[in-house]
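One file, target02.txt, carrying compact mmCIF, C-alpha atoms and all ligand atoms:
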```
# COMPACT_ATOMS: atom_id res chain seq x y z
CA MET Z 1 -24.91 -6.23 -25.43
CA THR Z 2 -21.35 -5.00 -25.90
CA PRO Z 3 -19.50 -5.55 -22.62
CA CYS Z 4 -17.42 -2.78 -21.01
CA MET Z 5 -13.76 -3.46 -21.77
CA VAL Z 6 -12.27 -1.53 -18.86
CA SER Z 7 -9.78 -3.68 -16.95
CA THR Z 8 -10.51 -3.79 -13.23
CA GLY Z 9 -8.32 -4.83 -10.31
CA PHE Z 10 -4.75 -3.88 -9.53
CA PHE Z 11 -2.66 -7.06 -9.35
CA VAL Z 12 -5.55 -9.44 -10.09
CA LEU Z 13 -6.80 -8.10 -13.39
CA GLY Z 14 -10.25 -8.73 -14.76
CA ARG Z 15 -12.65 -7.22 -17.22
CA CYS Z 16 -15.57 -5.05 -16.13
CA GLY Z 17 -18.05 -6.76 -18.46
CA ARG Z 18 -21.09 -4.62 -17.59
CA ALA Z 19 -23.21 -3.35 -20.48
CA SER Z 20 -21.42 -0.52 -22.27
CA VAL Z 21 -23.19 2.75 -22.91
CA THR Z 22 -20.68 4.38 -25.26
CA GLY Z 23 -17.25 4.06 -26.86
CA CYS Z 24 -14.26 5.87 -25.31
CA ALA Z 25 -13.53 9.10 -27.22
CA GLY Z 26 -9.79 8.37 -26.85
CA CYS Z 27 -9.28 4.69 -27.59
CA GLY Z 28 -12.70 3.56 -28.73
CA ARG Z 29 -13.15 0.75 -26.22
CA PRO Z 30 -16.73 0.11 -25.03
CA VAL Z 31 -17.31 1.71 -21.61
CA CYS Z 32 -20.15 1.30 -19.11
CA ASP Z 33 -21.90 4.09 -17.22
CA ARG Z 34 -19.72 3.54 -14.12
CA HIS Z 35 -16.45 3.79 -15.99
CA VAL Z 36 -17.13 6.64 -18.41
CA SER Z 37 -15.77 10.05 -17.39
CA GLY Z 38 -17.25 13.46 -18.12
CA ASP Z 39 -15.22 13.81 -21.32
CA ARG Z 40 -16.54 10.43 -22.55
CA LEU Z 41 -13.18 8.81 -21.77
CA CYS Z 42 -12.34 5.43 -20.28
CA PRO Z 43 -10.34 5.53 -17.00
CA GLU Z 44 -7.05 4.71 -18.78
CA CYS Z 45 -7.46 7.60 -21.23
CA ALA Z 46 -8.77 9.93 -18.50
CA THR Z 47 -5.66 9.37 -16.37
CA ALA Z 48 -3.12 9.16 -19.21
CA ARG Z 49 -1.88 12.69 -18.62
CA GLY Z 50 -1.80 12.57 -14.86
CA TYR Z 51 -4.12 11.67 -12.06
CA GLY Z 52 -5.12 13.27 -8.81
CA SER Z 53 -4.76 12.22 -5.20
CA PRO Z 54 -5.58 8.72 -3.92
CA TYR Z 55 -8.97 10.14 -2.89
CA ASP Z 56 -9.79 10.62 -6.57
CA PRO Z 57 -11.93 7.70 -7.83
CA MET Z 58 -9.84 7.49 -11.03
CA TRP Z 59 -6.53 7.51 -9.15
CA SER Z 60 -5.97 3.76 -9.08
CA TYR Z 61 -6.04 3.46 -12.88
CA GLY Z 62 -3.23 5.96 -13.36
CA TYR Z 63 -1.29 4.61 -10.40
CA ARG Z 64 -1.73 1.02 -11.59
CA ARG Z 65 -0.20 1.77 -14.98
CA GLU Z 66 2.69 3.64 -13.34
CA THR Z 67 3.26 0.75 -10.93
CA TYR Z 68 3.42 -1.84 -13.71
CA TYR Z 69 5.80 0.44 -15.57
CA THR Z 70 8.23 1.06 -12.69
CA THR Z 71 8.04 -2.53 -11.42
CA SER Z 72 8.70 -3.83 -14.91
CA SER Z 73 11.88 -1.78 -15.01
CA SER Z 74 13.12 -2.67 -11.51
CA TYR Z 75 12.49 -6.35 -12.25
CA GLN Z 76 14.02 -6.04 -15.74
CA ASP Z 77 10.94 -7.92 -16.91
CA PRO Z 78 9.57 -5.98 -19.92
CA GLY Z 79 6.73 -8.50 -20.25
CA LEU Z 80 5.35 -7.43 -16.90
CA TYR Z 81 4.35 -4.07 -18.33
CA GLY Z 82 3.92 -5.27 -21.92
CA ASP Z 83 1.41 -7.96 -21.00
CA PHE Z 84 -0.46 -5.65 -18.63
CA ASP Z 85 -0.75 -3.09 -21.42
CA ALA Z 86 -1.80 -5.66 -24.00
CA TYR Z 87 -4.38 -7.14 -21.66
CA ASP Z 88 -5.70 -3.69 -20.83
CA ARG Z 89 -6.12 -2.86 -24.52
CA GLY Z 90 -8.05 -6.08 -25.00
CA ALA Z 91 -5.33 -7.63 -27.14
CA PHE Z 92 -5.72 -10.93 -25.36
CA ASP Z 93 -8.32 -12.46 -23.17
CA PRO Z 94 -8.06 -14.07 -19.78
CA GLY Z 95 -9.44 -17.31 -21.20
CA ASP Z 96 -8.63 -19.42 -18.18
CA GLN Z 97 -10.23 -17.06 -15.69
CA GLY Z 98 -13.68 -15.53 -15.61
CA ASP Z 99 -14.21 -11.82 -15.62
CA PHE Z 100 -14.38 -10.38 -12.17
CA GLY Z 101 -16.47 -7.29 -12.76
CA GLU Z 102 -16.03 -4.24 -10.63
CA PRO Z 103 -14.41 -4.87 -7.24
CA GLY Z 104 -16.92 -4.21 -4.53
CA ASP Z 105 -19.81 -5.26 -6.76
CA PHE Z 106 -20.41 -7.80 -4.08
CA ASP Z 107 -21.02 -5.08 -1.56
CA ASP Z 108 -23.46 -3.01 -3.55
CA GLY Z 109 -26.42 -4.76 -2.00
CA ASP Z 110 -27.12 -6.93 -4.99
CA ASP Z 111 -26.35 -10.60 -4.54
CA ARG Z 112 -24.98 -11.47 -7.92
CA ASP Z 113 -22.61 -14.36 -7.87
CA PHE Z 114 -18.86 -14.04 -7.97
CA GLY Z 115 -17.83 -13.14 -11.51
CA ASP Z 116 -21.38 -12.85 -12.77
CA SER Z 117 -22.22 -9.70 -14.67
CA MET A 1 -13.91 26.62 24.56
CA PHE A 2 -11.58 26.95 21.65
CA TRP A 3 -11.80 24.90 18.51
CA ARG A 4 -15.44 24.07 19.17
CA LYS A 5 -16.28 24.07 15.46
CA THR A 6 -13.34 21.84 14.68
CA ARG A 7 -14.31 19.42 17.42
CA ARG A 8 -17.81 19.26 16.01
CA ALA A 9 -16.42 18.49 12.57
CA ILE A 10 -14.29 15.70 14.03
CA ASP A 11 -17.34 14.25 15.79
CA GLY A 12 -18.90 13.88 12.36
CA PHE A 13 -15.97 11.90 10.95
CA HIS A 14 -15.90 8.13 10.48
CA PRO A 15 -15.14 6.41 13.84
CA LEU A 16 -11.85 4.99 12.50
CA HIS A 17 -10.89 8.45 11.27
CA GLN A 18 -11.47 9.83 14.77
CA LYS A 19 -9.34 7.09 16.28
CA LEU A 20 -6.53 8.00 13.90
CA ILE A 21 -6.70 11.60 15.09
CA TRP A 22 -6.75 10.80 18.82
CA GLU A 23 -4.64 7.65 19.00
CA HIS A 24 -2.67 7.53 15.73
CA VAL A 25 -3.68 3.91 15.15
CA LEU A 26 -5.99 2.14 12.73
CA SER A 27 -7.06 -1.48 12.88
CA ALA A 28 -9.97 -3.05 11.06
CA ALA A 29 -11.04 -5.77 8.66
CA LEU A 30 -13.71 -4.36 6.39
CA PRO A 31 -15.29 -4.91 2.99
CA ARG A 32 -14.42 -2.45 0.25
CA SER A 33 -17.52 -0.30 0.69
CA GLU A 34 -16.63 0.40 4.36
CA TRP A 35 -13.04 1.33 3.50
CA MET A 36 -14.37 3.72 0.87
CA ALA A 37 -16.54 5.35 3.54
CA LEU A 38 -13.43 5.85 5.70
CA LEU A 39 -11.50 7.35 2.78
CA ALA A 40 -14.38 9.73 2.02
CA SER A 41 -14.16 10.90 5.63
CA LEU A 42 -10.36 11.26 5.56
CA SER A 43 -10.53 13.26 2.33
CA ARG A 44 -12.32 16.06 4.21
CA HIS A 45 -9.80 16.25 7.04
CA ASN A 46 -7.46 19.00 5.82
CA GLU A 47 -10.32 21.23 4.79
CA LEU A 48 -12.09 21.00 8.16
CA VAL A 49 -9.25 20.56 10.66
CA ARG A 50 -6.61 23.27 10.68
CA ARG A 51 -5.26 22.61 14.15
CA ARG A 52 -1.78 21.06 13.93
CA LYS A 53 -2.25 18.99 17.06
CA TRP A 54 -5.16 17.18 15.43
CA ALA A 55 -3.51 16.63 12.05
CA LEU A 56 -3.50 13.14 10.55
CA PRO A 57 -0.39 11.25 11.67
CA PRO A 58 2.54 10.89 9.24
CA ARG A 59 2.16 8.01 6.75
CA THR A 60 -1.66 8.29 6.77
CA GLU A 61 -2.16 10.05 3.45
CA SER A 62 1.18 9.05 1.91
CA VAL A 63 1.02 5.32 2.71
CA VAL A 64 -2.18 4.08 4.33
CA VAL A 65 -4.67 5.79 2.01
CA PRO A 66 -3.06 4.69 -1.28
CA LEU A 67 -2.50 1.20 0.09
CA ILE A 68 -6.17 0.87 1.03
CA ARG A 69 -7.10 1.96 -2.50
CA VAL A 70 -4.77 -0.61 -4.05
CA LEU A 71 -5.88 -3.50 -1.82
CA CYS A 72 -9.55 -2.66 -2.36
CA GLU A 73 -9.11 -2.94 -6.13
CA ASP A 74 -8.44 -6.67 -5.80
CA VAL A 75 -10.70 -7.64 -2.92
CA GLY A 76 -13.67 -9.89 -3.60
CA ARG A 77 -16.57 -10.74 -1.33
CA GLY A 78 -14.20 -10.84 1.65
CA THR A 79 -12.45 -8.16 3.59
CA VAL A 80 -9.28 -6.13 3.62
CA GLY A 81 -7.73 -6.24 7.08
CA LEU A 82 -5.28 -3.50 7.94
CA THR A 83 -3.45 -2.53 11.11
CA ALA A 84 -1.39 0.64 11.12
CA ASP A 85 0.43 1.94 14.18
CA LEU A 86 1.44 5.45 13.22
CA ARG A 87 2.67 6.57 16.63
CA GLY A 88 6.25 6.54 15.42
CA HIS A 89 9.31 5.01 17.03
CA ALA A 90 9.07 6.67 20.43
CA GLY A 91 8.09 4.27 23.17
CA LYS A 92 9.10 1.21 21.15
CA GLU A 93 12.71 1.27 22.25
CA GLY A 94 14.45 -1.83 23.55
CA PRO A 95 16.81 -1.91 26.55
CA ARG A 96 19.99 0.17 26.41
CA GLN A 97 23.34 -1.58 26.30
CA GLN A 98 26.66 -0.03 27.24
CA LEU A 99 29.35 -0.46 24.58
CA PRO A 100 33.06 -0.68 25.45
CA VAL A 101 34.77 2.70 24.96
CA ARG A 102 38.25 4.22 24.65
CA ARG A 103 39.26 7.79 25.37
CA PRO A 104 38.24 10.42 24.41
CA VAL A 105 34.88 8.66 24.37
CA ARG A 106 33.43 8.54 27.89
CA SER A 107 30.35 6.45 27.27
CA ALA A 108 28.51 4.79 24.43
CA GLU A 109 25.03 3.36 24.63
CA GLN A 110 23.21 1.39 21.99
CA TRP A 111 19.58 0.41 21.69
CA TRP A 112 17.19 -0.87 19.05
CA VAL A 113 13.74 0.16 17.96
CA ARG A 114 11.57 -2.50 16.31
CA ASP A 115 8.41 -0.98 14.94
CA ARG A 116 6.03 -3.31 13.12
CA TRP A 117 3.86 -0.42 12.07
CA LEU A 118 1.94 -1.86 9.19
CA SER A 119 0.31 -5.18 8.47
CA ALA A 120 -2.45 -6.19 6.12
CA ARG A 121 -4.38 -9.26 5.05
CA SER A 122 -6.65 -9.24 2.07
CA GLU A 123 -9.00 -11.84 0.60
CA LEU A 124 -8.66 -11.36 -3.12
CA ARG A 125 -11.31 -11.97 -5.72
CA ASP A 126 -9.42 -14.82 -7.37
CA GLY A 127 -9.60 -16.75 -4.09
CA SER A 128 -6.00 -16.06 -3.03
CA VAL A 129 -5.04 -14.38 0.24
CA PHE A 130 -2.43 -11.64 0.36
CA THR A 131 -0.54 -10.55 3.47
CA LEU A 132 1.87 -7.71 4.14
CA ASP A 133 4.10 -6.77 7.09
CA VAL A 134 6.34 -3.74 7.32
CA VAL A 135 8.83 -3.45 10.18
CA ASP A 136 11.24 -0.60 10.83
CA VAL A 137 14.40 -1.74 12.56
CA VAL A 138 16.45 1.18 13.82
CA ARG A 139 19.75 1.12 15.69
CA LYS A 140 20.44 4.10 17.91
CA ARG A 141 23.70 5.09 19.53
CA ARG A 142 24.42 7.83 21.99
CA ILE A 143 28.06 8.73 22.41
CA VAL A 144 29.53 11.10 24.99
CA LYS A 145 32.99 12.53 24.22
CA VAL A 146 35.24 14.95 26.00
CA ASN A 147 37.24 17.21 23.71
CA PRO A 148 40.84 18.38 24.45
CA ARG A 149 39.53 21.50 26.18
CA GLY A 150 37.55 19.32 28.58
CA LYS A 151 34.16 20.02 27.09
CA ARG A 152 31.58 17.20 27.00
CA LYS A 153 29.87 16.58 23.68
CA THR A 154 26.95 14.24 23.07
CA LYS A 155 26.21 12.76 19.69
CA GLN A 156 23.32 10.57 18.66
CA LYS A 157 23.51 8.31 15.62
CA THR A 158 20.66 6.50 13.94
CA LYS A 159 20.81 3.77 11.34
CA GLY A 160 17.59 2.28 10.04
CA VAL A 161 16.48 -0.53 7.80
CA GLN A 162 13.06 -1.76 6.92
CA ARG A 163 11.77 -5.26 6.39
CA ILE A 164 8.96 -5.63 3.88
CA LEU A 165 7.37 -9.07 3.94
CA THR A 166 4.60 -10.17 1.61
CA SER A 167 2.92 -13.47 1.00
CA ARG A 168 0.19 -14.81 -1.20
CA ALA A 169 -1.57 -18.10 -0.55
CA LEU A 170 -3.15 -19.18 -3.82
CA ALA A 171 -6.60 -20.68 -4.00
CA LYS A 172 -6.80 -24.47 -3.94
CA GLY A 173 -5.62 -25.76 -7.29
CA GLN A 174 -4.83 -22.27 -8.65
CA ALA A 175 -2.12 -22.59 -11.29
CA SER A 176 1.20 -20.78 -10.95
CA ALA A 177 4.40 -20.66 -12.93
CA GLN A 178 7.87 -19.42 -12.10
CA PRO A 179 8.40 -16.08 -13.87
CA GLY A 180 10.91 -16.06 -16.72
CA THR A 181 13.21 -13.64 -14.91
CA PRO A 182 14.19 -13.55 -11.25
CA PRO A 183 13.16 -10.58 -9.08
CA PRO A 184 15.81 -7.95 -8.31
CA PRO A 185 18.56 -9.39 -6.08
CA TRP A 186 17.34 -7.50 -3.02
CA ILE A 187 14.01 -9.37 -3.06
CA ARG A 188 14.05 -12.93 -1.70
CA VAL A 189 11.41 -15.39 -2.80
CA LYS A 190 10.29 -18.64 -1.22
CA VAL A 191 7.65 -20.89 -2.69
CA ARG A 192 5.92 -23.73 -0.90
CA ARG A 193 4.06 -25.97 -3.28
CA GLY A 194 1.03 -27.91 -2.16
CA PRO A 195 -2.72 -28.02 -2.58
CA LYS A 196 -2.45 -24.32 -1.84
CA THR A 197 0.78 -22.86 -3.14
CA VAL A 198 2.23 -20.09 -0.97
CA ILE A 199 4.58 -17.51 -2.47
CA ARG A 200 6.56 -15.31 -0.10
CA ALA A 201 8.61 -12.31 -1.15
CA GLY A 202 10.59 -10.28 1.34
CA ALA A 203 13.18 -7.55 1.32
CA LYS A 204 15.39 -5.60 3.67
CA VAL A 205 15.86 -2.06 2.41
CA PRO A 206 17.31 1.18 3.77
CA LEU A 207 14.47 3.02 5.53
CA PRO A 208 12.57 4.62 2.60
CA VAL A 209 11.56 8.28 2.75
CA GLU A 210 7.84 8.74 3.29
CA ARG A 211 6.91 9.58 -0.29
CA GLU A 212 8.69 6.49 -1.64
CA GLN A 213 7.22 4.08 0.90
CA VAL A 214 4.24 2.79 -1.09
CA ARG A 215 6.41 2.28 -4.15
CA ALA A 216 8.84 0.17 -2.07
CA ILE A 217 5.97 -1.94 -0.69
CA LEU A 218 4.35 -2.51 -4.08
CA THR A 219 7.65 -3.40 -5.73
CA VAL A 220 8.03 -6.29 -3.27
CA ALA A 221 4.32 -7.15 -3.40
CA ALA A 222 4.45 -7.52 -7.18
CA GLU A 223 6.53 -10.72 -6.99
CA PRO A 224 3.85 -13.08 -5.63
CA PHE A 225 1.55 -11.83 -8.40
CA ARG A 226 4.09 -12.39 -11.18
CA TRP A 227 3.67 -16.11 -10.51
CA THR A 228 0.11 -15.98 -11.78
CA GLN A 229 0.30 -13.15 -14.30
CA ARG A 230 -1.34 -14.05 -17.55
CA ARG A 231 1.28 -13.91 -20.27
CA ARG A 232 0.54 -13.44 -23.94
CA SER A 233 2.68 -16.32 -25.13
CA ALA A 234 2.09 -18.61 -22.16
ZN ZN L 301 -9.91 5.05 -23.68
ZN ZN L 302 -17.23 -0.81 -16.77
```
Go ahead and express the file in the form of structure tokens.
Amino acid sequence: MTPCMVSTGFFVLGRCGRASVTGCAGCGRPVCDRHVSGDRLCPECATARGYGSPYDPMWSYGYRRETYYTTSSSYQDPGLYGDFDAYDRGAFDPGDQGDFGEPGDFDDGDDRDFGDS
Amino acid sequence: MFWRKTRRAIDGFHPLHQKLIWEHVLSAALPRSEWMALLASLSRHNELVRRRKWALPPRTESVVVPLIRVLCEDVGRGTVGLTADLRGHAGKEGPRQQLPVRRPVRSAEQWWVRDRWLSARSELRDGSVFTLDVVDVVRKRRIVKVNPRGKRKTKQKTKGVQRILTSRALAKGQASAQPGTPPPPWIRVKVRRGPKTVIRAGAKVPLPVEREQVRAILTVAAEPFRWTQRRRSA
């Protein structure tokens, strides 16, 4: 199984890790059925050129990237954005921390353990 | 009866959504799935409710909704607790004090409004606990002057600041490291080391306009997370 490489979370980043069903048409990363959009894009690619209102399920991905970008500049800490971006692209792995899966997985009625996927 | 259809639509909304319409307050600690049910209800508001009197209070869609989305991204098995008092500053005014005056000023009164309108507590999926408090502190002055032609003029002045306080209590034994660069000078940080390290970041800022409010909150909130951000070279 090739795990989905979409990064979940906002401040506490993790990797989705569910079984992928396709590769993103934009960046090629493996994406699961929950994270693939109609145009066969991952959430990052789907929101790259703008994102809708906070009611839009994809909103948080676009807003997350923008937040890391603006915070990085107000903190004058280029690594804040750089490392977020690198992590998101799969350039380095959490290593010390397990993957968290999709937030709310715990509430879907299944009783998988924390971090299990 | 007027607005019967609208009333029926409101009856079908999420109970917390209804409370926001009638009382302009929201207070709950819920798992992510329940918050998403509330947001789904709120998303239908503007389409179904046209009556101004029953509009969502200010800061609902500009602040509370995006903040719920952000907090729910990081929540684990636990809950996101959020209390929002969106009734505004009226009715939260402290006692009025008379200030000493000199002619042509006839009287000057000053009073303060302290509005702790937003607080949140979230149990994150890495075992840490995040808290947020936002307090508007507004000074109001009412000055009565008499101009040379003997006409009384009343002026009211308002000066507001906002305190944004965040904290993050790390899980027992969770590693943290001081970031390589300090936060911007307007953000103060305090760290208490122990079995559970607690990182606090707070700021006092000029009252942000509504559409910049979430950005201001998240800029302060980012600091406690920088202490555990995974760095490429680290
Ligand atoms: Zn992509
Ligand atoms: Zn996925």
With a cut-off of 7 Å, could you pull out the residues of chain Z touching ligand ZN 302 (chain L) and give me the nearest pair of atoms for each, distance in Å to one decimal, using only C-alpha atoms and all ligand atoms, ordered by chain and ascending number, as JSON lines?
```
{"residue": "Z:Cys4", "atom": "CA", "partner": "L:ZN302", "partner_atom": "ZN", "distance": 4.7}
{"residue": "Z:Met5", "atom": "CA", "partner": "L:ZN302", "partner_atom": "ZN", "distance": 6.6}
{"residue": "Z:Val6", "atom": "CA", "partner": "L:ZN302", "partner_atom": "ZN", "distance": 5.4}
{"residue": "Z:Cys16", "atom": "CA", "partner": "L:ZN302", "partner_atom": "ZN", "distance": 4.6}
{"residue": "Z:Gly17", "atom": "CA", "partner": "L:ZN302", "partner_atom": "ZN", "distance": 6.2}
{"residue": "Z:Arg18", "atom": "CA", "partner": "L:ZN302", "partner_atom": "ZN", "distance": 5.5}
{"residue": "Z:Ser20", "atom": "CA", "partner": "L:ZN302", "partner_atom": "ZN", "distance": 6.9}
{"residue": "Z:Val31", "atom": "CA", "partner": "L:ZN302", "partner_atom": "ZN", "distance": 5.5}
{"residue": "Z:Cys32", "atom": "CA", "partner": "L:ZN302", "partner_atom": "ZN", "distance": 4.3}
{"residue": "Z:Asp33", "atom": "CA", "partner": "L:ZN302", "partner_atom": "ZN", "distance": 6.8}
{"residue": "Z:Arg34", "atom": "CA", "partner": "L:ZN302", "partner_atom": "ZN", "distance": 5.7}
{"residue": "Z:His35", "atom": "CA", "partner": "L:ZN302", "partner_atom": "ZN", "distance": 4.7}
```
Could you check which residues have any atom within 12 Å of (-10.1, 7.1, 3.2), counting all atoms listed in the file with coordinates taken straight from the file, and then list them as a PDB file with C-alpha atoms, in the frame of the given file?
```pdb
ATOM      1  CA  SER Z  53      -4.760  12.220  -5.200  1.00  0.00           C
ATOM      2  CA  PRO Z  54      -5.580   8.720  -3.920  1.00  0.00           C
ATOM      3  CA  TYR Z  55      -8.970  10.140  -2.890  1.00  0.00           C
ATOM      4  CA  ASP Z  56      -9.790  10.620  -6.570  1.00  0.00           C
ATOM      5  CA  PRO Z  57     -11.930   7.700  -7.830  1.00  0.00           C
TER       6      PRO Z  57
ATOM      7  CA  PHE A  13     -15.970  11.900  10.950  1.00  0.00           C
ATOM      8  CA  HIS A  14     -15.900   8.130  10.480  1.00  0.00           C
ATOM      9  CA  PRO A  15     -15.140   6.410  13.840  1.00  0.00           C
ATOM     10  CA  LEU A  16     -11.850   4.990  12.500  1.00  0.00           C
ATOM     11  CA  HIS A  17     -10.890   8.450  11.270  1.00  0.00           C
ATOM     12  CA  GLN A  18     -11.470   9.830  14.770  1.00  0.00           C
ATOM     13  CA  LEU A  20      -6.530   8.000  13.900  1.00  0.00           C
ATOM     14  CA  LEU A  26      -5.990   2.140  12.730  1.00  0.00           C
ATOM     15  CA  ARG A  32     -14.420  -2.450   0.250  1.00  0.00           C
ATOM     16  CA  SER A  33     -17.520  -0.300   0.690  1.00  0.00           C
ATOM     17  CA  GLU A  34     -16.630   0.400   4.360  1.00  0.00           C
ATOM     18  CA  TRP A  35     -13.040   1.330   3.500  1.00  0.00           C
ATOM     19  CA  MET A  36     -14.370   3.720   0.870  1.00  0.00           C
ATOM     20  CA  ALA A  37     -16.540   5.350   3.540  1.00  0.00           C
ATOM     21  CA  LEU A  38     -13.430   5.850   5.700  1.00  0.00           C
ATOM     22  CA  LEU A  39     -11.500   7.350   2.780  1.00  0.00           C
ATOM     23  CA  ALA A  40     -14.380   9.730   2.020  1.00  0.00           C
ATOM     24  CA  SER A  41     -14.160  10.900   5.630  1.00  0.00           C
ATOM     25  CA  LEU A  42     -10.360  11.260   5.560  1.00  0.00           C
ATOM     26  CA  SER A  43     -10.530  13.260   2.330  1.00  0.00           C
ATOM     27  CA  ARG A  44     -12.320  16.060   4.210  1.00  0.00           C
ATOM     28  CA  HIS A  45      -9.800  16.250   7.040  1.00  0.00           C
ATOM     29  CA  LEU A  56      -3.500  13.140  10.550  1.00  0.00           C
ATOM     30  CA  THR A  60      -1.660   8.290   6.770  1.00  0.00           C
ATOM     31  CA  GLU A  61      -2.160  10.050   3.450  1.00  0.00           C
ATOM     32  CA  SER A  62       1.180   9.050   1.910  1.00  0.00           C
ATOM     33  CA  VAL A  63       1.020   5.320   2.710  1.00  0.00           C
ATOM     34  CA  VAL A  64      -2.180   4.080   4.330  1.00  0.00           C
ATOM     35  CA  VAL A  65      -4.670   5.790   2.010  1.00  0.00           C
ATOM     36  CA  PRO A  66      -3.060   4.690  -1.280  1.00  0.00           C
ATOM     37  CA  LEU A  67      -2.500   1.200   0.090  1.00  0.00           C
ATOM     38  CA  ILE A  68      -6.170   0.870   1.030  1.00  0.00           C
ATOM     39  CA  ARG A  69      -7.100   1.960  -2.500  1.00  0.00           C
ATOM     40  CA  VAL A  70      -4.770  -0.610  -4.050  1.00  0.00           C
ATOM     41  CA  CYS A  72      -9.550  -2.660  -2.360  1.00  0.00           C
TER      42      CYS A  72
END
```
Expected selection as a ChimeraX atom specification for ligand ZN 301 (chain L) within 12 Å, all atoms listed in the file: /Z:4-7,22-32,35-37,39-48,61,88-90
Coordinates-based distance that separates atom CA of A:Glu210 from atom CA of A:Ile10 (Å, one decimal): 25.6 Å
Atom-to-atom span, atom CA of Z:Tyr87 and atom CA of A:Lys196, Å: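 Distance reported for this atom pair: 26.3 Å.
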Atomic distance atom CA of Z:Leu80 - atom CA of A:Arg226, expressed in Å with one decimal: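 Between atom CA of Z:Leu80 and atom CA of A:Arg226 the gap is 7.7 Å.
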Give me the residues within 8 Å of A:Gln156 as an mmCIF file with C-alpha atoms, in the coordinates of the input, counting only C-alpha atoms and dropping any in the same chain fewer than 4 places off.
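Below is the file around_8.cif, written as the result:
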```
data_model
loop_
_atom_site.group_PDB
_atom_site.id
_atom_site.type_symbol
_atom_site.label_atom_id
_atom_site.label_comp_id
_atom_site.auth_asym_id
_atom_site.auth_seq_id
_atom_site.Cartn_x
_atom_site.Cartn_y
_atom_site.Cartn_z
ATOM 1 C CA LYS A 140 20.440 4.100 17.910
ATOM 2 C CA ARG A 141 23.700 5.090 19.530
ATOM 3 C CA ARG A 142 24.420 7.830 21.990
ATOM 4 C CA ILE A 143 28.060 8.730 22.410
#
```
Top pick for closest residue to A:Asp126, considering A:Val49, A:Val161, A:Ala171, A:Leu218 and counting all atoms listed in the file: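 Smallest separation from A:Asp126 among the options: A:Ala171.
Counting all atoms listed in the file and comparing Z:Gly38, Z:Arg15, Z:Ala86, Z:Tyr51, the residue that lies closest to Z:Arg64 is Z:Tyr51.
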Missing atoms in stretch 43-53 of chain Z: can you complete it with N, CA, C and O atoms, as a PDB file, in the coordinates of the input?
```
ATOM      1  N   PRO Z  43     -11.257   5.121 -18.079  1.00  0.00           N
ATOM      2  CA  PRO Z  43     -10.340   5.530 -17.000  1.00  0.00           C
ATOM      3  C   PRO Z  43      -8.874   5.609 -17.460  1.00  0.00           C
ATOM      4  O   PRO Z  43      -8.135   6.487 -17.029  1.00  0.00           O
ATOM      5  N   GLU Z  44      -8.447   4.689 -18.310  1.00  0.00           N
ATOM      6  CA  GLU Z  44      -7.050   4.710 -18.780  1.00  0.00           C
ATOM      7  C   GLU Z  44      -6.764   6.000 -19.548  1.00  0.00           C
ATOM      8  O   GLU Z  44      -5.742   6.643 -19.338  1.00  0.00           O
ATOM      9  N   CYS Z  45      -7.666   6.387 -20.447  1.00  0.00           N
ATOM     10  CA  CYS Z  45      -7.460   7.600 -21.230  1.00  0.00           C
ATOM     11  C   CYS Z  45      -7.601   8.843 -20.348  1.00  0.00           C
ATOM     12  O   CYS Z  45      -6.874   9.809 -20.508  1.00  0.00           O
ATOM     13  N   ALA Z  46      -8.548   8.772 -19.381  1.00  0.00           N
ATOM     14  CA  ALA Z  46      -8.770   9.930 -18.500  1.00  0.00           C
ATOM     15  C   ALA Z  46      -7.569  10.200 -17.614  1.00  0.00           C
ATOM     16  O   ALA Z  46      -7.323  11.332 -17.217  1.00  0.00           O
ATOM     17  N   THR Z  47      -6.795   9.172 -17.273  1.00  0.00           N
ATOM     18  CA  THR Z  47      -5.660   9.370 -16.370  1.00  0.00           C
ATOM     19  C   THR Z  47      -4.317   9.359 -17.099  1.00  0.00           C
ATOM     20  O   THR Z  47      -3.270   9.418 -16.475  1.00  0.00           O
ATOM     21  N   ALA Z  48      -4.364   9.289 -18.445  1.00  0.00           N
ATOM     22  CA  ALA Z  48      -3.120   9.160 -19.210  1.00  0.00           C
ATOM     23  C   ALA Z  48      -2.181  10.344 -18.984  1.00  0.00           C
ATOM     24  O   ALA Z  48      -0.964  10.190 -18.984  1.00  0.00           O
ATOM     25  N   ARG Z  49      -2.750  11.533 -18.780  1.00  0.00           N
ATOM     26  CA  ARG Z  49      -1.880  12.690 -18.620  1.00  0.00           C
ATOM     27  C   ARG Z  49      -1.817  13.147 -17.168  1.00  0.00           C
ATOM     28  O   ARG Z  49      -1.696  14.318 -16.873  1.00  0.00           O
ATOM     29  N   GLY Z  50      -1.891  12.208 -16.281  1.00  0.00           N
ATOM     30  CA  GLY Z  50      -1.800  12.570 -14.860  1.00  0.00           C
ATOM     31  C   GLY Z  50      -3.089  12.240 -14.140  1.00  0.00           C
ATOM     32  O   GLY Z  50      -4.138  12.134 -14.764  1.00  0.00           O
ATOM     33  N   TYR Z  51      -2.963  12.052 -12.838  1.00  0.00           N
ATOM     34  CA  TYR Z  51      -4.120  11.670 -12.060  1.00  0.00           C
ATOM     35  C   TYR Z  51      -3.981  12.319 -10.695  1.00  0.00           C
ATOM     36  O   TYR Z  51      -2.903  12.647 -10.246  1.00  0.00           O
ATOM     37  N   GLY Z  52      -5.109  12.500 -10.046  1.00  0.00           N
ATOM     38  CA  GLY Z  52      -5.120  13.270  -8.810  1.00  0.00           C
ATOM     39  C   GLY Z  52      -4.625  12.501  -7.598  1.00  0.00           C
ATOM     40  O   GLY Z  52      -3.763  11.640  -7.696  1.00  0.00           O
ATOM     41  N   SER Z  53      -5.178  12.833  -6.460  1.00  0.00           N
ATOM     42  CA  SER Z  53      -4.760  12.220  -5.200  1.00  0.00           C
ATOM     43  C   SER Z  53      -5.434  10.856  -5.070  1.00  0.00           C
ATOM     44  O   SER Z  53      -6.365  10.534  -5.804  1.00  0.00           O
TER      45      SER Z  53
END
```
